[in-house]
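S.K.: So I've got this file, data03.cif, and it contains mmCIF, C-alpha atoms:
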```
data_final
loop_
_atom_site.label_atom_id
_atom_site.label_comp_id
_atom_site.auth_asym_id
_atom_site.auth_seq_id
_atom_site.Cartn_x
_atom_site.Cartn_y
_atom_site.Cartn_z
CA MET W 9 -22.28 -22.42 -12.10
CA SER W 10 -21.40 -22.67 -15.80
CA ARG W 11 -17.81 -23.13 -16.77
CA GLN W 12 -16.42 -19.90 -18.19
CA GLU W 13 -14.36 -19.98 -21.38
CA LEU W 14 -10.88 -18.98 -20.23
CA VAL W 15 -9.02 -19.98 -23.39
CA HIS W 16 -10.28 -19.59 -26.92
CA SER W 17 -8.94 -20.19 -30.40
CA ASP W 18 -9.39 -18.63 -33.81
CA VAL W 19 -8.04 -19.95 -37.11
CA THR W 20 -7.28 -17.53 -39.96
CA ARG W 21 -5.06 -18.13 -42.99
CA GLY W 22 -3.65 -21.31 -41.45
CA ILE W 23 -2.74 -19.53 -38.19
CA ALA W 24 -4.40 -20.70 -34.97
CA THR W 25 -4.37 -17.97 -32.33
CA VAL W 26 -4.84 -19.52 -28.88
CA THR W 27 -5.68 -16.79 -26.36
CA LEU W 28 -5.48 -16.95 -22.57
CA ASP W 29 -8.54 -14.96 -21.51
CA SER W 30 -8.69 -14.84 -17.72
CA PRO W 31 -7.51 -11.27 -17.03
CA GLY W 32 -9.31 -11.13 -13.69
CA ASN W 33 -6.63 -13.33 -12.12
CA ARG W 34 -3.84 -12.30 -14.53
CA ASN W 35 -4.26 -15.48 -16.60
CA ALA W 36 -3.10 -17.61 -13.66
CA LEU W 37 -2.74 -21.33 -14.28
CA SER W 38 -5.97 -22.51 -12.67
CA SER W 39 -7.26 -26.03 -13.28
CA HIS W 40 -9.91 -24.70 -15.67
CA LEU W 41 -7.47 -22.58 -17.66
CA CYS W 42 -4.95 -25.44 -17.95
CA SER W 43 -7.55 -27.98 -19.08
CA GLN W 44 -8.99 -25.56 -21.64
CA MET W 45 -5.55 -24.62 -22.93
CA LEU W 46 -4.70 -28.29 -23.36
CA ALA W 47 -7.95 -28.86 -25.29
CA GLN W 48 -7.49 -25.83 -27.54
CA LEU W 49 -3.85 -26.62 -28.33
CA THR W 50 -4.69 -30.26 -29.05
CA ALA W 51 -7.47 -29.19 -31.43
CA ALA W 52 -5.18 -26.72 -33.21
CA LEU W 53 -2.42 -29.26 -33.70
CA GLN W 54 -4.88 -31.85 -35.02
CA ASP W 55 -6.47 -29.38 -37.46
CA ASP W 56 -5.04 -29.96 -40.96
CA GLU W 57 -5.81 -26.33 -41.84
CA VAL W 58 -3.47 -25.03 -39.13
CA ARG W 59 0.17 -24.43 -40.09
CA VAL W 60 1.31 -22.17 -37.22
CA VAL W 61 0.05 -21.66 -33.64
CA VAL W 62 0.33 -18.33 -31.82
CA VAL W 63 -0.19 -18.31 -28.04
CA THR W 64 -1.23 -14.92 -26.69
CA HIS W 65 -3.35 -13.27 -23.99
CA THR W 66 -5.91 -10.66 -23.05
CA GLY W 67 -5.32 -8.16 -20.25
CA PRO W 68 -2.07 -6.58 -19.09
CA VAL W 69 -0.39 -9.85 -17.96
CA PHE W 70 0.58 -12.81 -20.15
CA CYS W 71 0.49 -15.31 -17.28
CA ALA W 72 1.07 -14.88 -13.54
CA GLY W 73 1.95 -18.53 -12.90
CA ALA W 74 0.13 -20.93 -10.59
CA ASP W 75 -3.26 -19.89 -9.22
CA LEU W 76 -2.34 -19.76 -5.53
CA LYS W 77 -5.93 -18.97 -4.51
CA GLU W 78 -7.47 -22.05 -6.11
CA ASP W 79 -8.98 -24.83 -4.01
CA PRO W 80 -6.07 -27.15 -3.03
CA GLN W 81 -8.12 -30.14 -4.22
CA ARG W 82 -7.98 -28.73 -7.77
CA LYS W 83 -4.23 -28.14 -7.79
CA GLY W 84 -3.45 -31.75 -8.76
CA ALA W 85 -5.59 -31.47 -11.89
CA ALA W 86 -3.98 -28.13 -12.76
CA ALA W 87 -0.47 -29.57 -12.37
CA ARG W 88 -1.27 -32.62 -14.50
CA ASP W 89 -2.77 -30.59 -17.35
CA PHE W 90 -0.02 -27.97 -17.15
CA CYS W 91 2.59 -30.69 -17.63
CA ALA W 92 0.63 -31.98 -20.62
CA VAL W 93 0.51 -28.46 -22.09
CA LEU W 94 4.29 -28.06 -21.75
CA GLU W 95 4.89 -31.43 -23.38
CA LEU W 96 2.49 -30.59 -26.22
CA LEU W 97 4.16 -27.25 -26.87
CA TRP W 98 7.68 -28.69 -26.73
CA THR W 99 6.95 -31.64 -29.03
CA SER W 100 4.54 -29.82 -31.38
CA PRO W 101 5.04 -30.82 -35.03
CA LYS W 102 3.86 -27.32 -35.98
CA PRO W 103 5.64 -24.06 -35.12
CA VAL W 104 4.36 -22.42 -31.92
CA VAL W 105 4.98 -18.72 -31.26
CA ALA W 106 4.38 -17.01 -27.90
CA ARG W 107 3.23 -13.39 -28.17
CA LEU W 108 3.70 -11.33 -24.99
CA ALA W 109 2.34 -7.83 -24.50
CA GLY W 110 2.60 -8.21 -20.72
CA PRO W 111 4.74 -9.84 -18.03
CA ALA W 112 5.14 -13.53 -17.21
CA ARG W 113 5.92 -15.05 -13.85
CA ALA W 114 6.89 -18.55 -12.72
CA GLY W 115 4.76 -21.06 -14.67
CA GLY W 116 3.94 -18.40 -17.24
CA THR W 117 7.62 -18.19 -18.07
CA GLY W 118 7.64 -21.97 -18.47
CA LEU W 119 4.95 -21.63 -21.14
CA VAL W 120 7.17 -19.17 -23.00
CA ALA W 121 10.16 -21.52 -22.82
CA ALA W 122 8.17 -24.47 -24.17
CA CYS W 123 7.20 -22.61 -27.36
CA ASP W 124 9.45 -22.71 -30.41
CA PHE W 125 9.64 -18.92 -30.60
CA ALA W 126 8.68 -16.05 -28.28
CA VAL W 127 8.30 -12.36 -29.08
CA ALA W 128 7.65 -9.73 -26.38
CA VAL W 129 7.31 -6.00 -26.10
CA ASP W 130 10.33 -4.29 -24.59
CA THR W 131 8.46 -3.37 -21.38
CA VAL W 132 7.73 -6.99 -20.45
CA THR W 133 9.36 -8.43 -17.33
CA PHE W 134 9.88 -11.98 -16.06
CA ALA W 135 10.67 -13.66 -12.75
CA PHE W 136 10.89 -17.11 -11.20
CA THR W 137 9.18 -16.33 -7.91
CA GLU W 138 8.91 -19.89 -6.58
CA VAL W 139 11.72 -19.73 -4.01
CA ARG W 140 10.11 -16.65 -2.46
CA ILE W 141 6.95 -18.56 -1.56
CA GLY W 142 8.67 -21.74 -0.39
CA VAL W 143 8.45 -23.96 -3.49
CA VAL W 144 10.78 -24.87 -6.34
CA PRO W 145 10.51 -24.20 -10.12
CA ALA W 146 10.47 -27.94 -10.75
CA VAL W 147 8.12 -28.50 -13.68
CA ILE W 148 9.10 -25.38 -15.63
CA SER W 149 12.78 -26.24 -15.21
CA VAL W 150 12.31 -28.94 -17.85
CA PRO W 151 11.90 -26.65 -20.90
CA LEU W 152 13.93 -23.85 -19.33
CA ARG W 153 17.05 -25.97 -18.79
CA HIS W 154 16.99 -26.79 -22.50
CA ARG W 155 16.35 -23.18 -23.54
CA VAL W 156 18.17 -20.73 -21.28
CA VAL W 157 21.91 -20.18 -20.71
CA PRO W 158 22.74 -22.31 -17.60
CA HIS W 159 24.58 -19.71 -15.51
CA ALA W 160 21.80 -17.17 -16.05
CA LEU W 161 19.09 -19.66 -15.14
CA HIS W 162 21.03 -20.62 -12.00
CA ARG W 163 21.06 -17.02 -10.78
CA LEU W 164 17.45 -16.27 -11.67
CA PHE W 165 16.05 -19.47 -10.17
CA LEU W 166 17.91 -18.97 -6.88
CA THR W 167 17.25 -15.24 -6.42
CA GLY W 168 13.73 -14.88 -7.82
CA ASP W 169 14.95 -11.58 -9.27
CA THR W 170 12.93 -9.73 -11.92
CA PHE W 171 14.53 -9.35 -15.35
CA ASP W 172 13.53 -7.45 -18.46
CA ALA W 173 12.79 -8.48 -22.03
CA HIS W 174 16.21 -7.57 -23.37
CA HIS W 175 17.92 -9.77 -20.78
CA ALA W 176 15.43 -12.54 -21.59
CA ALA W 177 16.51 -12.33 -25.23
CA ARG W 178 20.21 -12.40 -24.33
CA ILE W 179 19.85 -15.59 -22.28
CA GLY W 180 17.75 -17.41 -24.87
CA LEU W 181 14.22 -17.15 -23.46
CA LEU W 182 12.94 -14.74 -26.12
CA SER W 183 13.45 -14.84 -29.89
CA ALA W 184 12.83 -11.12 -30.39
CA VAL W 185 11.92 -7.92 -28.54
CA ALA W 186 9.91 -5.07 -30.05
CA PRO W 187 8.46 -1.70 -29.02
CA PRO W 188 4.72 -1.94 -28.28
CA ASP W 189 3.71 -0.43 -31.63
CA GLU W 190 5.91 -2.91 -33.53
CA LEU W 191 4.90 -6.14 -31.79
CA GLU W 192 2.29 -7.16 -34.35
CA GLY W 193 4.66 -6.46 -37.23
CA GLU W 194 7.37 -8.61 -35.63
CA ILE W 195 4.90 -11.46 -35.07
CA ASP W 196 3.62 -11.17 -38.64
CA ARG W 197 7.15 -11.31 -40.09
CA LEU W 198 8.02 -14.40 -38.07
CA VAL W 199 4.77 -16.19 -38.93
CA GLU W 200 5.19 -15.41 -42.65
CA MET W 201 8.69 -16.93 -42.58
CA LEU W 202 7.32 -20.05 -40.87
CA LEU W 203 4.54 -20.38 -43.44
CA MET W 204 7.23 -20.47 -46.15
CA SER W 205 8.67 -23.64 -44.58
CA ALA W 206 7.64 -27.06 -45.90
CA PRO W 207 5.62 -28.58 -43.01
CA ARG W 208 7.22 -32.04 -42.88
CA ALA W 209 10.70 -30.62 -43.43
CA TRP W 210 10.15 -28.16 -40.58
CA THR W 211 9.01 -30.96 -38.26
CA GLY W 212 11.97 -33.14 -39.24
CA THR W 213 14.41 -30.30 -38.65
CA LYS W 214 12.94 -29.62 -35.21
CA GLN W 215 13.31 -33.30 -34.33
CA LEU W 216 16.92 -33.15 -35.50
CA LEU W 217 17.63 -30.15 -33.27
CA ARG W 218 16.02 -31.85 -30.27
CA SER W 219 17.63 -35.27 -30.86
CA ASP W 220 19.95 -34.94 -27.84
CA VAL W 221 17.11 -34.00 -25.45
CA PRO W 222 15.88 -36.92 -23.29
CA SER W 223 12.17 -37.73 -23.01
CA ILE W 224 10.48 -34.57 -21.83
CA ALA W 225 7.49 -36.63 -20.66
CA ASP W 226 9.68 -38.54 -18.20
CA GLU W 227 11.31 -35.33 -16.96
CA LEU W 228 7.95 -33.63 -16.48
CA SER W 229 6.54 -36.60 -14.56
CA THR W 230 9.51 -36.60 -12.19
CA MET W 231 9.38 -32.84 -11.68
CA GLN W 232 5.63 -32.91 -11.07
CA ASP W 233 6.27 -35.19 -8.08
CA VAL W 234 9.00 -32.85 -6.83
CA SER W 235 6.71 -29.83 -7.20
CA ALA W 236 3.84 -31.51 -5.35
CA ARG W 237 6.12 -32.39 -2.44
CA TYR W 238 7.25 -28.79 -2.00
CA PHE W 239 3.72 -27.38 -2.35
CA ARG W 240 2.72 -29.59 0.62
CA SER W 241 5.56 -28.27 2.79
CA ASP W 242 5.29 -25.94 5.80
CA GLU W 243 7.36 -23.35 3.94
CA ALA W 244 4.93 -23.35 1.03
CA ARG W 245 1.93 -22.95 3.33
CA GLU W 246 3.60 -19.96 4.99
CA GLY W 247 4.69 -18.55 1.62
CA MET W 248 1.19 -18.71 0.18
CA ARG W 249 -0.36 -17.26 3.35
CA SER W 250 2.08 -14.34 3.25
CA PHE W 251 1.36 -13.82 -0.45
CA ALA W 252 -2.40 -13.69 0.21
CA GLU W 253 -1.90 -11.40 3.21
CA ARG W 254 0.51 -9.13 1.31
CA ARG W 255 3.28 -9.46 3.88
CA ARG W 256 6.79 -10.85 4.03
CA PRO W 257 7.09 -14.56 4.92
CA THR W 258 8.59 -15.42 8.31
CA TRP W 259 11.99 -16.33 6.82
CA ALA W 260 12.47 -12.93 5.14
CA PRO W 261 14.11 -9.99 6.95
CA HIS W 262 11.62 -7.60 8.53
CA SER W 263 12.43 -3.92 8.75
#
```
Please re-express this file's structure in structure tokens.

M.R.:
Amino acid sequence: MSRQELVHSDVTRGIATVTLDSPGNRNALSSHLCSQMLAQLTAALQDDEVRVVVVTHTGPVFCAGADLKEDPQRKGAAARDFCAVLELLWTSPKPVVARLAGPARAGGTGLVAACDFAVAVDTVTFAFTEVRIGVVPAVISVPLRHRVVPHALHRLFLTGDTFDAHHAARIGLLSAVAPPDELEGEIDRLVEMLLMSAPRAWTGTKQLLRSDVPSIADELSTMQDVSARYFRSDEAREGMRSFAERRRPTWAPHS
């Protein structure tokens, strides 16, 4: 079976648009999608023609988080490449903008947090659903703890509650919110401002702003181990079974 292209990139006017294109599983973070995203982002950041990177998606969902249906033997590769993607986005010497026309869940929200800027339509929703399937938001906590207001993150991590785009902007996850027919205009305005910035000065300023943040690579490595431990737990196995069977897990109240 040939390997399908799940992430593709296009460069126009110095803007690399990296598109998640796996709508059949809501752009879930499968091992193939993560490895292809890592390759496309690496190529964009190494391309001297590229000044700004925009991360976007096809289909109605930006990213549904981990691919819970993937072969367990592939999950290690997915986790490793996902960590590398987050590190690449966070440390990128070029501006990275997330464009969301659809919702993000769990790991998908981590992708948003790792970008320099994020713009979403006002109908987009978010949630950290990990605790509801018996795991913890370990890896994505690394960029999120440096991006989102602590008390808000505390509540959202522990409840798994869904929140809207306007709340996401208030707590620091999103840079801007726009009606659906104004999303492209908002993205264009932001990208044009970024293109006006001197590249090396922009990179130096970003490094200045992140100077008090410890090594994200070390944090991600530690959190990857934590995540793997919880994914191997009995609670996680029950949580993923209940998710696949569309029922409540055994620990949840049953009416």

S.K.: Between W:Asp124, W:Glu227, W:Glu138, W:His175, which one has atoms that come closest to Arg153 of chain W, using all atoms listed in the file?

M.R.: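 Of W:Asp124, W:Glu227, W:Glu138, W:His175, the one nearest Arg153 of chain W, counting all atoms listed in the file, is W:Glu227.
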
S.K.: Identify which of the residues W:Asp29, W:Asp169, W:Asp233, W:Glu190 lies closest to Ala87 of chain W, counting only C-alpha atoms when measuring atom-to-atom distances.

M.R.: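 That would be W:Asp233, the residue with the smallest distance to Ala87 of chain W.
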
S.K.: Which is closer to Val139 of chain W than all the others in W:Ala126, W:Val221, W:Met248, W:Val120, using all atoms listed in the file?

M.R.: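 Closest residue, counting all atoms listed in the file: W:Met248.
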
S.K.: For the point (16.7, -6.2, -30.1) in file coordinates, what residues are within 12 Å, counting only C-alpha atoms? Give the answer as a list in words?

M.R.: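 Applying the cut-off with only C-alpha atoms, one gets Val127, Ala128, Val129, Asp130, Ala173, His174, His175, Ala176, Ala177, Arg178, Leu182, Ser183, Ala184, Val185, Ala186, Pro187, Glu190, Leu191 and Glu194 of chain W.
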
S.K.: Give me the residues near Arg249 of chain W as a count of residues only, where near means some atom within 10 Å (using all atoms listed in the file) and where sequence neighbours in that chain fewer than 5 positions away do not count.

M.R.: 9

S.K.: Under the rule of at most 7 Å, produce a per-residue listing of segment 79-115 of chain W near segment 62-68 of chain W: chain, number, name, the closest pair of atoms, and the distance in Å, as CSV, using all atoms listed in the file.

M.R.:
```
residue,atom,partner,partner_atom,distance
W:Val104,CA,W:Val62,CA,5.7
W:Val105,CA,W:Val62,CA,4.7
W:Ala106,CA,W:Val63,CA,4.8
W:Arg107,CA,W:Thr64,CA,4.9
W:Leu108,CA,W:Thr64,CA,6.3
W:Gly110,CA,W:Pro68,CA,5.2
```

S.K.: Emit the selected residues as an mmCIF file, in the coordinates of the input, including C-alpha atoms.

M.R.:
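Contents of the output file out_0.cif:
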```cif
data_model
loop_
_atom_site.group_PDB
_atom_site.id
_atom_site.type_symbol
_atom_site.label_atom_id
_atom_site.label_comp_id
_atom_site.auth_asym_id
_atom_site.auth_seq_id
_atom_site.Cartn_x
_atom_site.Cartn_y
_atom_site.Cartn_z
ATOM 1 C CA VAL W 104 4.360 -22.420 -31.920
ATOM 2 C CA VAL W 105 4.980 -18.720 -31.260
ATOM 3 C CA ALA W 106 4.380 -17.010 -27.900
ATOM 4 C CA ARG W 107 3.230 -13.390 -28.170
ATOM 5 C CA LEU W 108 3.700 -11.330 -24.990
ATOM 6 C CA GLY W 110 2.600 -8.210 -20.720
#
```

S.K.: Might you pull out every residue within 9 Å of Leu97 of chain W, with all atoms listed in the file counted and same-chain residues fewer than 6 positions away left off, and present them as JSON, numbers by chain?

M.R.: {"W": [49, 103, 104, 119, 122, 123, 124]}

S.K.: Which residues of segment 63-87 of chain W sit at most 8 Å from segment 30-44 of chain W, using all atoms listed in the file? Give each one's shortest atom pair and distance in Å (one decimal place), in chain and ascending residue order, as CSV.

M.R.:
```
residue,atom,partner,partner_atom,distance
W:His65,CA,W:Asn35,CA,7.8
W:Thr66,CA,W:Pro31,CA,6.3
W:Gly67,CA,W:Pro31,CA,5.0
W:Pro68,CA,W:Pro31,CA,7.5
W:Val69,CA,W:Arg34,CA,5.4
W:Phe70,CA,W:Asn35,CA,6.6
W:Cys71,CA,W:Asn35,CA,4.8
W:Ala72,CA,W:Ala36,CA,5.0
W:Gly73,CA,W:Ala36,CA,5.2
W:Ala74,CA,W:Leu37,CA,4.7
W:Asp75,CA,W:Ala36,CA,5.0
W:Glu78,CA,W:Ser38,CA,6.7
W:Arg82,CA,W:Ser39,CA,6.2
W:Lys83,CA,W:Ser39,CA,6.6
W:Ala85,CA,W:Ser39,CA,5.9
W:Ala86,CA,W:Ser39,CA,3.9
W:Ala87,CA,W:Ser39,CA,7.7
```

S.K.: Quick one: of W:Ala135, W:Ser100, W:Gly116, W:Gly84, who's nearest to Gln232 of chain W, counting all atoms listed in the file?

M.R.: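 Closest to Gln232 of chain W of all the choices is W:Gly84.
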
S.K.: What's the separation between atom CA of Glu200 of chain W and atom CA of Ser17 of chain W, in Å to one decimal place?

M.R.: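 Taking atom CA of Glu200 of chain W as the start and atom CA of Ser17 of chain W as the end point, the length is 19.3 Å.
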